[in-house]
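K.L.:
Below is one structure. I have some questions about it.
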Amino acid sequence: MPSRPPDTASDAVSDTASDAAICVAPAVPADTAPGRLPAGLSAGLPAALLCDMDGTLVDTEREWLLAVAALLDEEGLPSGEAALAPFAGATLADSAARLIEQHGLRATREELFSRLDGDFTRRVAAGVAVQPGALAFLDRARALGVPTALVTASERHLTDLVLETLGAHRFDLTVAGTEGGRSKPYPDPYLAAATRLGADPADCLAVEDTPTGAAAALAAGCRLLAVPTVPGIEPGPRTLFAASLVGLDPAALPLSGSLPA
Ligand SMILES: [Mg+2]
């Protein structure tokens with residue numbers, strides 16, 4: 001999958017074009033200026049924007065499943081869609097354990113972790129695709145003076161590789177793996193990011209794509225912008241759903257509900 005450099009012209013075009021398409025439920029009155037909401041609908045400017053990485057800002061799932069499929073192929077095991085489904089969104093450690101316990105591979109967890117990690121890292125280093133609207137969303141937050149953090153369960157070496165595509169300058173800080181304490185779904189990484197930014201978690205907006213990440217963000221007390229890549233995130237009073245980040249303005253988001261695709 002080709003990598004996409006930051007600040008591309010296509011990003012600027014999609015950002016501009018999508019401004020006029022911003023809408024929320026309930027519907028924005030026709031006389032409302034593009035990118036703005038009627039009084040009372042916006043949850044207000046967040047004290048900080050805390051973003052998950054995999055699935056939310058970049059599409060690394062394809063590279064991950066290719067790495068799992070390659071290992072299954074090497075072991076002479078089925079590697080079709082059904083075989084890969086349980087590995088979607090799973091951690092390296094959990095996947096290594098699954099390969100032993102459910103696929104019967106005769107290897108240690110450490111060996112399988114190393115093989116998966118090595119292959120996945122090589123694939124990520126070759127480039128990952130940025131999710132639509134992600135860079136513009138981050139840039140808009142920063143232009144509004146909102147501090148930004150990357151909060152990911154991925155290992156540090158993978159995070160640093162992805163930051164080469166996303167642009168490290170787009171983040172005031174990054175929390176990778178267990179750097180913030182226990183990993184998601186525990187609230188630790190979000191609490192750590194908010195603390196380091198000097199923000200009250202309740203005033204922070206977290207962006208997540210999976211139930212595990214959403215649980216971490218909500219447990220930390222953050223508002224949640226859910227951009228699901230897998231099912232399972234439940235609606236809630238502080239959870240807003242969006243189909244993508246395209247055209248979203250961090251300063252003009254309702255607290256909950258669903259934004260039309
Ligand atoms: Mg994710």
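Here's how to read the names in the structure tokens: chain A, B, ... by the order shown, residue numbers from 1 in each chain, ligand numbers from 1 in the order shown.
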Contacts of stretch 241-245 of chain A at 7 Å or less, counting only C-alpha atoms, minus same-chain residues fewer than 5 places along, as a list in words?

P.N.:
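So the residues in contact are Pro132, Gly133, Ala134, Phe137, Leu225, Ala226, Val227, Gly257, Ser258, Leu259 and Ala261 of chain A.
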
K.L.:
Could you save the residues just selected, with N, CA and C atoms, as a short mmCIF file (atom, residue, chain, number, x, y, z; two decimals), in the first residue's frame?

P.N.:
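Result file follows (result-v8.cif):
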```cif
data_model
loop_
_atom_site.label_atom_id
_atom_site.label_comp_id
_atom_site.auth_asym_id
_atom_site.auth_seq_id
_atom_site.Cartn_x
_atom_site.Cartn_y
_atom_site.Cartn_z
N PRO A 132 -8.89 8.93 5.44
CA PRO A 132 -9.41 10.17 4.83
C PRO A 132 -9.76 11.23 5.88
N GLY A 133 -9.28 12.43 5.64
CA GLY A 133 -9.59 13.56 6.51
C GLY A 133 -8.75 13.66 7.76
N ALA A 134 -7.91 12.66 8.03
CA ALA A 134 -7.19 12.64 9.32
C ALA A 134 -6.22 13.80 9.46
N PHE A 137 -8.02 17.11 9.88
CA PHE A 137 -8.65 17.19 11.20
C PHE A 137 -7.62 17.58 12.26
N LEU A 225 -15.13 10.62 20.11
CA LEU A 225 -15.53 10.65 18.70
C LEU A 225 -15.18 9.29 18.13
N ALA A 226 -16.22 8.51 17.84
CA ALA A 226 -16.02 7.15 17.35
C ALA A 226 -16.11 7.14 15.83
N VAL A 227 -15.06 6.63 15.21
CA VAL A 227 -15.04 6.45 13.75
C VAL A 227 -14.79 4.96 13.53
N GLY A 257 -24.58 11.36 19.45
CA GLY A 257 -25.37 11.14 18.25
C GLY A 257 -24.52 10.59 17.13
N SER A 258 -25.02 10.76 15.92
CA SER A 258 -24.31 10.26 14.75
C SER A 258 -24.30 11.33 13.66
N LEU A 259 -23.14 11.55 13.08
CA LEU A 259 -23.04 12.45 11.95
C LEU A 259 -23.36 11.66 10.68
N ALA A 261 -23.17 10.15 7.04
CA ALA A 261 -22.00 9.87 6.20
C ALA A 261 -21.92 10.87 5.06
#
```

K.L.:
Need the shell around A:Ser79: protein/DNA/RNA residues with any atom at most 8 Å away, counting only C-alpha atoms. Skip same-chain ones fewer than 4 positions apart. Format as a PDB file with C-alpha atoms, in the first residue's frame?

P.N.:
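Final output, saved to selection_9.pdb:
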```pdb
ATOM      1  CA  ALA A  69      -1.508 -14.560   6.491  1.00  0.00           C
ATOM      2  CA  ALA A  70       2.150 -14.929   5.548  1.00  0.00           C
ATOM      3  CA  LEU A  72      -0.106 -19.019   8.417  1.00  0.00           C
ATOM      4  CA  ASP A  73       1.023 -19.802   4.852  1.00  0.00           C
ATOM      5  CA  ALA A  83      -8.943 -17.699   9.297  1.00  0.00           C
ATOM      6  CA  LEU A  84      -7.805 -14.083   9.482  1.00  0.00           C
TER       7      LEU A  84
END
```

K.L.:
How would you write, as a CSV table (one decimal) with C-alpha atoms, in the first residue's frame, the set of residues no farther than 12 Å from ligand 1 when counting only C-alpha atoms and all ligand atoms?

P.N.:
```csv
chain,number,residue,atom,x,y,z
A,51,CYS,CA,-6.1,10.3,18.9
A,52,ASP,CA,-5.7,6.6,18.5
A,53,MET,CA,-3.4,5.6,15.7
A,54,ASP,CA,-4.2,2.2,14.0
A,55,GLY,CA,-7.5,2.3,12.2
A,56,THR,CA,-8.3,5.9,13.3
A,57,LEU,CA,-5.5,7.9,11.7
A,58,VAL,CA,-3.9,5.2,9.5
A,59,ASP,CA,-5.1,2.0,7.9
A,60,THR,CA,-2.5,-0.5,9.2
A,61,GLU,CA,-5.0,-3.4,9.3
A,88,ALA,CA,-8.3,-8.3,13.1
A,89,GLY,CA,-7.5,-5.7,15.7
A,90,ALA,CA,-5.7,-8.2,17.9
A,91,THR,CA,-2.4,-7.3,19.6
A,131,GLN,CA,-7.3,7.6,6.8
A,150,LEU,CA,-1.2,10.3,19.7
A,151,VAL,CA,-2.4,7.6,22.1
A,152,THR,CA,-1.7,4.1,20.8
A,153,ALA,CA,-1.4,0.6,22.0
A,154,SER,CA,1.1,-0.1,19.2
A,184,LYS,CA,-6.2,-0.1,26.4
A,185,PRO,CA,-9.0,-0.9,27.4
A,206,ALA,CA,-10.6,11.2,22.2
A,207,VAL,CA,-10.9,9.6,18.7
A,208,GLU,CA,-11.1,5.9,18.4
A,209,ASP,CA,-12.2,3.2,15.9
A,210,THR,CA,-12.6,0.0,18.1
A,211,PRO,CA,-14.6,-1.0,21.2
A,212,THR,CA,-11.3,-1.6,23.1
A,213,GLY,CA,-10.0,1.9,22.4
A,214,ALA,CA,-13.4,3.4,23.0
A,215,ALA,CA,-13.6,1.7,26.4
A,216,ALA,CA,-10.2,3.2,27.4
A,217,ALA,CA,-11.2,6.7,26.4
A,226,ALA,CA,-16.0,7.2,17.3
A,227,VAL,CA,-15.0,6.4,13.7
A,228,PRO,CA,-15.6,2.7,13.8
A,229,THR,CA,-13.7,0.3,11.6
A,230,VAL,CA,-15.2,-2.7,13.4
A,233,ILE,CA,-18.9,0.6,20.1
```

K.L.:
Which residue is closest to A:Ala48? Choose from A:Gly198, A:Pro260, A:Pro189, A:Gly167 and count only C-alpha atoms.

P.N.:
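Counting only C-alpha atoms, the residue closest to A:Ala48 is A:Gly198.
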
K.L.:
Counting only C-alpha atoms, which of A:Pro231, A:Gly118, A:Phe113, A:Ala220 gets nearest to A:Asp94?

P.N.:
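Closest candidate: A:Phe113.
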
K.L.:
Nearest residue to A:His103 out of A:Ala85, A:Thr165, A:Glu75, A:Ala125, using only C-alpha atoms?

P.N.:
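Ranked by minimum distance to A:His103, first place goes to A:Glu75.
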
K.L.:
For A:Leu253, which of A:Leu224, A:Leu218, A:Ala193, A:Leu66 is the closest residue, counting only C-alpha atoms?

P.N.:
A:Leu224

K.L.:
For a quick check of understanding, using only C-alpha atoms, which of A:Leu49, A:Val68, A:Ala126, A:Ile100 has the smallest distance to A:Pro86?

P.N.:
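The closest residue to A:Pro86 is A:Val68.
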
K.L.:
Which neighbours of A:Arg170 fall inside 8 Å, counting only C-alpha atoms, when residues of the same chain fewer than 4 positions from it are skipped, and could you give them as an mmCIF file with N, CA and C atoms, in the first residue's frame?

P.N.:
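Done, and the output landed in around-v4.cif:
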```cif
data_model
loop_
_atom_site.group_PDB
_atom_site.id
_atom_site.type_symbol
_atom_site.label_atom_id
_atom_site.label_comp_id
_atom_site.auth_asym_id
_atom_site.auth_seq_id
_atom_site.Cartn_x
_atom_site.Cartn_y
_atom_site.Cartn_z
ATOM 1 N N LEU A 138 -6.467 16.950 12.212
ATOM 2 C CA LEU A 138 -5.399 17.292 13.156
ATOM 3 C C LEU A 138 -4.932 18.737 12.949
ATOM 4 N N ASP A 139 -4.757 19.104 11.709
ATOM 5 C CA ASP A 139 -4.262 20.455 11.419
ATOM 6 C C ASP A 139 -5.265 21.521 11.854
ATOM 7 N N ARG A 142 -5.009 21.971 15.615
ATOM 8 C CA ARG A 142 -3.812 22.724 15.994
ATOM 9 C C ARG A 142 -3.961 24.192 15.617
ATOM 10 N N THR A 148 -2.563 18.378 20.738
ATOM 11 C CA THR A 148 -2.896 17.064 20.180
ATOM 12 C C THR A 148 -1.923 16.011 20.703
ATOM 13 N N LEU A 166 2.525 10.331 9.225
ATOM 14 C CA LEU A 166 1.566 11.296 9.771
ATOM 15 C C LEU A 166 2.194 12.664 9.985
#
```

K.L.:
For A:Arg115, please output as a PyMOL selection string all residues within 12 Å (counting only C-alpha atoms; exclusion window: fewer than 3 positions along the same chain).

P.N.:
chain A and resi 67-72+74+92-93+95-96+99+107-112+118-122

K.L.:
I'd like the interatomic distance between atom CA of A:Leu205 and atom CA of A:Thr239, to a tenth of an Å.

P.N.:
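These two atoms are separated by 9.8 Å.
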